[in-house]
Structures are given as C-alpha cells and as structure tokens.
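Chemist: Right, I'll just put the structure down here and ask away after.
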Amino acid sequence: MAGIFEPRYIRKIKIENGLALPPMVAFGFADESGMVSDRNVAHYSRIAQNGIGLIIVEATCISPEGRLDSRQLGIWDDSFIDGLSRISGAVHEAGSKVFIQLHHAGMKAKSDVAKEPFTSSDYDDGRMKGREMTYEEIKRVISQFREAAIRAREAGFDGVEIHGAHGYLLTQFFNSKVNKRTDQYGGTFENRNRLAAEIYEDVREACGDDFVIGIRVGSNDDNLEESIERARFFEKLGFDYLHVSTGFDGTRSVDELPEDFPCNWIVYGGVKIKENVGIPVIGVNMIKDENQIGYLLNNELLDFVALGRAQLADYNFVKHMRNNDKILYCLECKPCKWWTDGRECPRQIQAARQI
C-alpha cells in the first residue's frame, strides 16, 4: 500500500499522504457562542498526531442565522479568529495540513437560530420549509462567505472548503427540486451554479492565488451526469479540489455498482467524477478499513480518501494502519454516539481504558 502514503499536492500545498479527515461537526464541543473550546483543539490535535495528511475542520458557520445547530462553530466575525488559530496551530504543529469548511444551512437552519429560514425559492415538502431569498440576501451571503474566508486565512488555515452538499444552502440552488427561481440564480444549469461561482470569485479575489479553495458537492444534483458537468464547470472556474458526497437529498446517482467495487454508491460517484476532471478529488462515506482505502488509492480511483467515523472510533487509525497494528473499527452504532457526545463512543471508551 505504498501509494497511500506518498505525498501529493492540492494547488501549491504539499500533503504528506492520501488520507484526510472530512469535516464532521463535533456536537457538544462548542457552546451556543460558537467559540472554539479546549475540546475542539484537543480533538483535532489528536487526529493530526496520528499522521493524517489533511484535516478539514467541521462545518463552521458564516452567519448566526445560517447555523445547522446552535452549538456549531462560528466564523461570522473577527472574535472567532483567535480560537480558530488554536486549531490550525495545533494541526500544523503535528505535521498535517488543515482547511476549514465554510457553511450556511439555508432552510435547514434550526428554528432556534432562524425564525424564517430562507432558500433558493419558496419550498415546503412537509419536512423542510423556506422562503425565497431576495437578491440583496443572496449578495449578503456571498459577502459573508468572502469575509469568513478572509478570517480563515488570518487564522492560519491552508485553505477553505465551501459546503455545497448535504442539503444545505448551495445544494438548494443546484437542485431543480428546490430552485424554481426565474432570475439569474435559477432555471438553467449555469444559473443554478451562479451563487457558488460568485462565492468562489469573491473568495479568490480576497484571499489570493496561493490560498486553496475547494468545494464539497454531491454526485446526485440532479443526477450523476449533471454532477459531472458541474464538476467540470467548477474545475474550469478555478476551484482547487472537489470533495464528493451527497447533494440535496439521498437520491441514488448510481443504480448498480460494479461487482468488485468495495464501497457504496456515494464513493462510486466520486470515482466517476474523478474520471472527468483534472483537479484532485476526495471520496468519502463509510470508508472504514484498509482494504477499501488501498483499492481506491492504489488504483488511482481517487486522489484522497476521507476517513470519518473510522477516525472517530480510533484516533490512531492511520498510525495503526501504517504499522500494521490492531485497529479499533467503527461499530456503526445507530444513532452514532458522536451526534450527542463523542465521549460515549464505545470505541473511545475502550481506547481510554487501554491507556
């Protein structure tokens, strides 16, 4: 598995191996102020010390009204810079590179943070409800992404990842199930991509050519073919990498997988997108053992593999894999204990007992 641990680049940033930590909100680590806590710093420091090449810090909100949860990290004003600098500093000290994901939930914002959540156009499916954004609100969101990226750079991060997946605001523009606008932000494929494009252009202008700007996207907005076309569009625009997951909802983009493919349709969507672009692609979703990792990276099906629950279960997953030591594999608890308090993860408890 030598290929797994070979260095590679995103833009001008050298990353020591093909393994990444995807952005996962550590619920309960921050309080309702959104400030970085000692637990946040310790969490990322431990994973960086494990030897991971790249850490992408959890969805960090650009606006208090755009939070998925009231306990989410914030980056909507300068008061957050010092705390976020502690995370980037700890990760760099351990030898890893670190990006931060910039996030706005759109109509998925919790009711206790947004009394009237907005989205691309009026929407109500019985589970989610949002009103159409005004032109002025769209421009304000673009500015909020820009200012958040400037803060991320000032806090010492190597780059940012724009969150354009998982049903949040940008997917609410990408996906025609939601976006029924008739202005320049809706209708055609190009118009539905316009918000993300303008965010990229503003962030690039503000942060310069050496700063990494990536985007997390789905392979199912509205389908795989359109997602591939969107990936090509974003590459041409200038994005430095693509992090492929799911889009507005869980509609499968692939009906049948190749018989020998060891991962799910979400990972396969990332593989198909990589076949069609020249910039690095990160694949993610329930990749949890060394056989899957080796298959994806040694066969050059992806540029990076993101290990989420695998590293929440075993903070030393990468070190254990490199040294052929015993790995504490995720037990796939339902629901995952990390949704409430990661200290209740049975593998974390087991590891603590062994120290």
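Labels for the structure tokens follow display order: chains A, B, ..., residues from 1 in each chain, ligands from 1.
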Using backbone DSSP assignments, extract all alpha helix (DSSP H) residues from region 95-315 of chain A; output them as a ChimeraX atom specification.

Modeler: /A:135-154,169-174,189-192,194-207,224-237,265-274,290-298,309-313

Chemist: Produce a file of the selected residues containing C-alpha atoms, as a PDB file, in the first residue's frame.

Modeler:
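As a result, selection_38.pdb now contains:
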```
ATOM      1  CA  TYR A 135     -31.417  39.498  -4.412  1.00  0.00           C
ATOM      2  CA  GLU A 136     -29.994  41.544  -1.524  1.00  0.00           C
ATOM      3  CA  GLU A 137     -29.888  38.464   0.730  1.00  0.00           C
ATOM      4  CA  ILE A 138     -28.017  36.496  -1.931  1.00  0.00           C
ATOM      5  CA  LYS A 139     -25.427  39.247  -2.220  1.00  0.00           C
ATOM      6  CA  ARG A 140     -25.104  39.393   1.576  1.00  0.00           C
ATOM      7  CA  VAL A 141     -24.442  35.626   1.752  1.00  0.00           C
ATOM      8  CA  ILE A 142     -21.738  35.941  -0.912  1.00  0.00           C
ATOM      9  CA  SER A 143     -20.113  38.687   1.162  1.00  0.00           C
ATOM     10  CA  GLN A 144     -20.380  36.547   4.310  1.00  0.00           C
ATOM     11  CA  PHE A 145     -18.525  33.672   2.607  1.00  0.00           C
ATOM     12  CA  ARG A 146     -15.855  36.123   1.454  1.00  0.00           C
ATOM     13  CA  GLU A 147     -15.367  37.638   4.919  1.00  0.00           C
ATOM     14  CA  ALA A 148     -15.324  34.174   6.529  1.00  0.00           C
ATOM     15  CA  ALA A 149     -12.600  33.039   4.128  1.00  0.00           C
ATOM     16  CA  ILE A 150     -10.514  36.098   4.971  1.00  0.00           C
ATOM     17  CA  ARG A 151     -10.832  35.205   8.670  1.00  0.00           C
ATOM     18  CA  ALA A 152      -9.838  31.600   7.920  1.00  0.00           C
ATOM     19  CA  ARG A 153      -6.694  32.810   6.173  1.00  0.00           C
ATOM     20  CA  GLU A 154      -5.912  35.141   9.067  1.00  0.00           C
ATOM     21  CA  LEU A 169     -27.855  26.306   1.023  1.00  0.00           C
ATOM     22  CA  LEU A 170     -25.794  25.798  -2.122  1.00  0.00           C
ATOM     23  CA  THR A 171     -27.450  22.474  -2.952  1.00  0.00           C
ATOM     24  CA  GLN A 172     -30.776  24.269  -2.560  1.00  0.00           C
ATOM     25  CA  PHE A 173     -29.616  26.340  -5.539  1.00  0.00           C
ATOM     26  CA  PHE A 174     -28.025  23.481  -7.511  1.00  0.00           C
ATOM     27  CA  PHE A 189     -27.780  24.787 -15.230  1.00  0.00           C
ATOM     28  CA  GLU A 190     -25.451  27.783 -15.358  1.00  0.00           C
ATOM     29  CA  ASN A 191     -27.845  29.937 -13.330  1.00  0.00           C
ATOM     30  CA  ARG A 192     -28.251  27.294 -10.624  1.00  0.00           C
ATOM     31  CA  ARG A 194     -24.140  31.027 -10.202  1.00  0.00           C
ATOM     32  CA  LEU A 195     -24.223  31.503  -6.417  1.00  0.00           C
ATOM     33  CA  ALA A 196     -21.330  29.064  -5.907  1.00  0.00           C
ATOM     34  CA  ALA A 197     -19.434  30.659  -8.798  1.00  0.00           C
ATOM     35  CA  GLU A 198     -19.781  34.159  -7.365  1.00  0.00           C
ATOM     36  CA  ILE A 199     -18.709  32.933  -3.934  1.00  0.00           C
ATOM     37  CA  TYR A 200     -15.595  31.397  -5.481  1.00  0.00           C
ATOM     38  CA  GLU A 201     -14.746  34.550  -7.423  1.00  0.00           C
ATOM     39  CA  ASP A 202     -15.111  36.778  -4.351  1.00  0.00           C
ATOM     40  CA  VAL A 203     -13.080  34.452  -2.120  1.00  0.00           C
ATOM     41  CA  ARG A 204     -10.311  34.098  -4.702  1.00  0.00           C
ATOM     42  CA  GLU A 205     -10.094  37.878  -5.131  1.00  0.00           C
ATOM     43  CA  ALA A 206      -9.933  38.389  -1.369  1.00  0.00           C
ATOM     44  CA  CYS A 207      -7.565  35.557  -0.441  1.00  0.00           C
ATOM     45  CA  LEU A 224     -24.705  11.877 -11.918  1.00  0.00           C
ATOM     46  CA  GLU A 225     -24.478  13.294 -15.446  1.00  0.00           C
ATOM     47  CA  GLU A 226     -25.307  16.818 -14.276  1.00  0.00           C
ATOM     48  CA  SER A 227     -22.987  16.453 -11.291  1.00  0.00           C
ATOM     49  CA  ILE A 228     -20.115  15.537 -13.609  1.00  0.00           C
ATOM     50  CA  GLU A 229     -20.916  18.583 -15.728  1.00  0.00           C
ATOM     51  CA  ARG A 230     -20.965  20.736 -12.574  1.00  0.00           C
ATOM     52  CA  ALA A 231     -17.600  19.315 -11.512  1.00  0.00           C
ATOM     53  CA  ARG A 232     -16.122  20.266 -14.894  1.00  0.00           C
ATOM     54  CA  PHE A 233     -17.645  23.734 -14.567  1.00  0.00           C
ATOM     55  CA  PHE A 234     -16.088  24.209 -11.127  1.00  0.00           C
ATOM     56  CA  GLU A 235     -12.709  22.989 -12.364  1.00  0.00           C
ATOM     57  CA  LYS A 236     -12.776  25.468 -15.231  1.00  0.00           C
ATOM     58  CA  LEU A 237     -13.844  28.222 -12.831  1.00  0.00           C
ATOM     59  CA  TRP A 265     -22.704   4.496  -4.401  1.00  0.00           C
ATOM     60  CA  ILE A 266     -21.594   7.750  -2.806  1.00  0.00           C
ATOM     61  CA  VAL A 267     -17.929   6.790  -3.058  1.00  0.00           C
ATOM     62  CA  TYR A 268     -18.533   5.492  -6.587  1.00  0.00           C
ATOM     63  CA  GLY A 269     -19.962   8.873  -7.528  1.00  0.00           C
ATOM     64  CA  GLY A 270     -16.666  10.437  -6.503  1.00  0.00           C
ATOM     65  CA  VAL A 271     -14.785   7.904  -8.625  1.00  0.00           C
ATOM     66  CA  LYS A 272     -16.887   8.745 -11.692  1.00  0.00           C
ATOM     67  CA  ILE A 273     -16.358  12.469 -11.170  1.00  0.00           C
ATOM     68  CA  LYS A 274     -12.585  11.964 -10.879  1.00  0.00           C
ATOM     69  CA  GLU A 290      -7.538  -0.591   4.899  1.00  0.00           C
ATOM     70  CA  ASN A 291      -8.724  -2.830   2.051  1.00  0.00           C
ATOM     71  CA  GLN A 292     -11.150  -0.183   0.806  1.00  0.00           C
ATOM     72  CA  ILE A 293      -8.511   2.535   1.181  1.00  0.00           C
ATOM     73  CA  GLY A 294      -5.922   0.520  -0.734  1.00  0.00           C
ATOM     74  CA  TYR A 295      -8.352  -0.304  -3.532  1.00  0.00           C
ATOM     75  CA  LEU A 296      -9.300   3.345  -4.040  1.00  0.00           C
ATOM     76  CA  LEU A 297      -5.842   4.937  -3.772  1.00  0.00           C
ATOM     77  CA  ASN A 298      -3.544   2.268  -5.182  1.00  0.00           C
ATOM     78  CA  ARG A 309     -16.168   7.513  11.581  1.00  0.00           C
ATOM     79  CA  ALA A 310     -13.070   5.352  11.202  1.00  0.00           C
ATOM     80  CA  GLN A 311     -11.039   8.045  12.954  1.00  0.00           C
ATOM     81  CA  LEU A 312     -13.742   8.952  15.456  1.00  0.00           C
ATOM     82  CA  ALA A 313     -13.637   5.327  16.599  1.00  0.00           C
TER      83      ALA A 313
END
```

Chemist: Give me the residues near Thr119 (chain A) as a list in words, where near means some atom within 7 Å (using only C-alpha atoms) and where sequence neighbours in that chain fewer than 6 positions away do not count.

Modeler: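 Here the answer would be Gly106, Met107, Gly130, Arg131, Glu132, Met133, Leu169 and Gln172 of chain A.
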
Chemist: Nearest to Val277 (chain A) among A:Asp303, A:Glu259, A:Glu161, A:Asp325, with distances taken over only C-alpha atoms: which residue is it?

Modeler: A:Asp303

Chemist: By how many Å are CA of Pro22 (chain A) and CA of Cys61 (chain A) apart?

Modeler: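 Spanning CA of Pro22 (chain A) to CA of Cys61 (chain A) is a straight-line distance of 16.1 Å.
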
Chemist: For Leu84 (chain A), which residue among A:Met24, A:Leu102, A:Ala155, A:Ile55 is the nearest when counting only C-alpha atoms?

Modeler: A:Ala155

Chemist: In region 1-249 of chain A, what's strand (DSSP E or B) per DSSP? Answer as a PyMOL selection string?

Modeler: chain A and resi 8-10+13-15+19-21+54-61+74+97-103+118-119+123-124+129-132+159-164+212-218+241-245
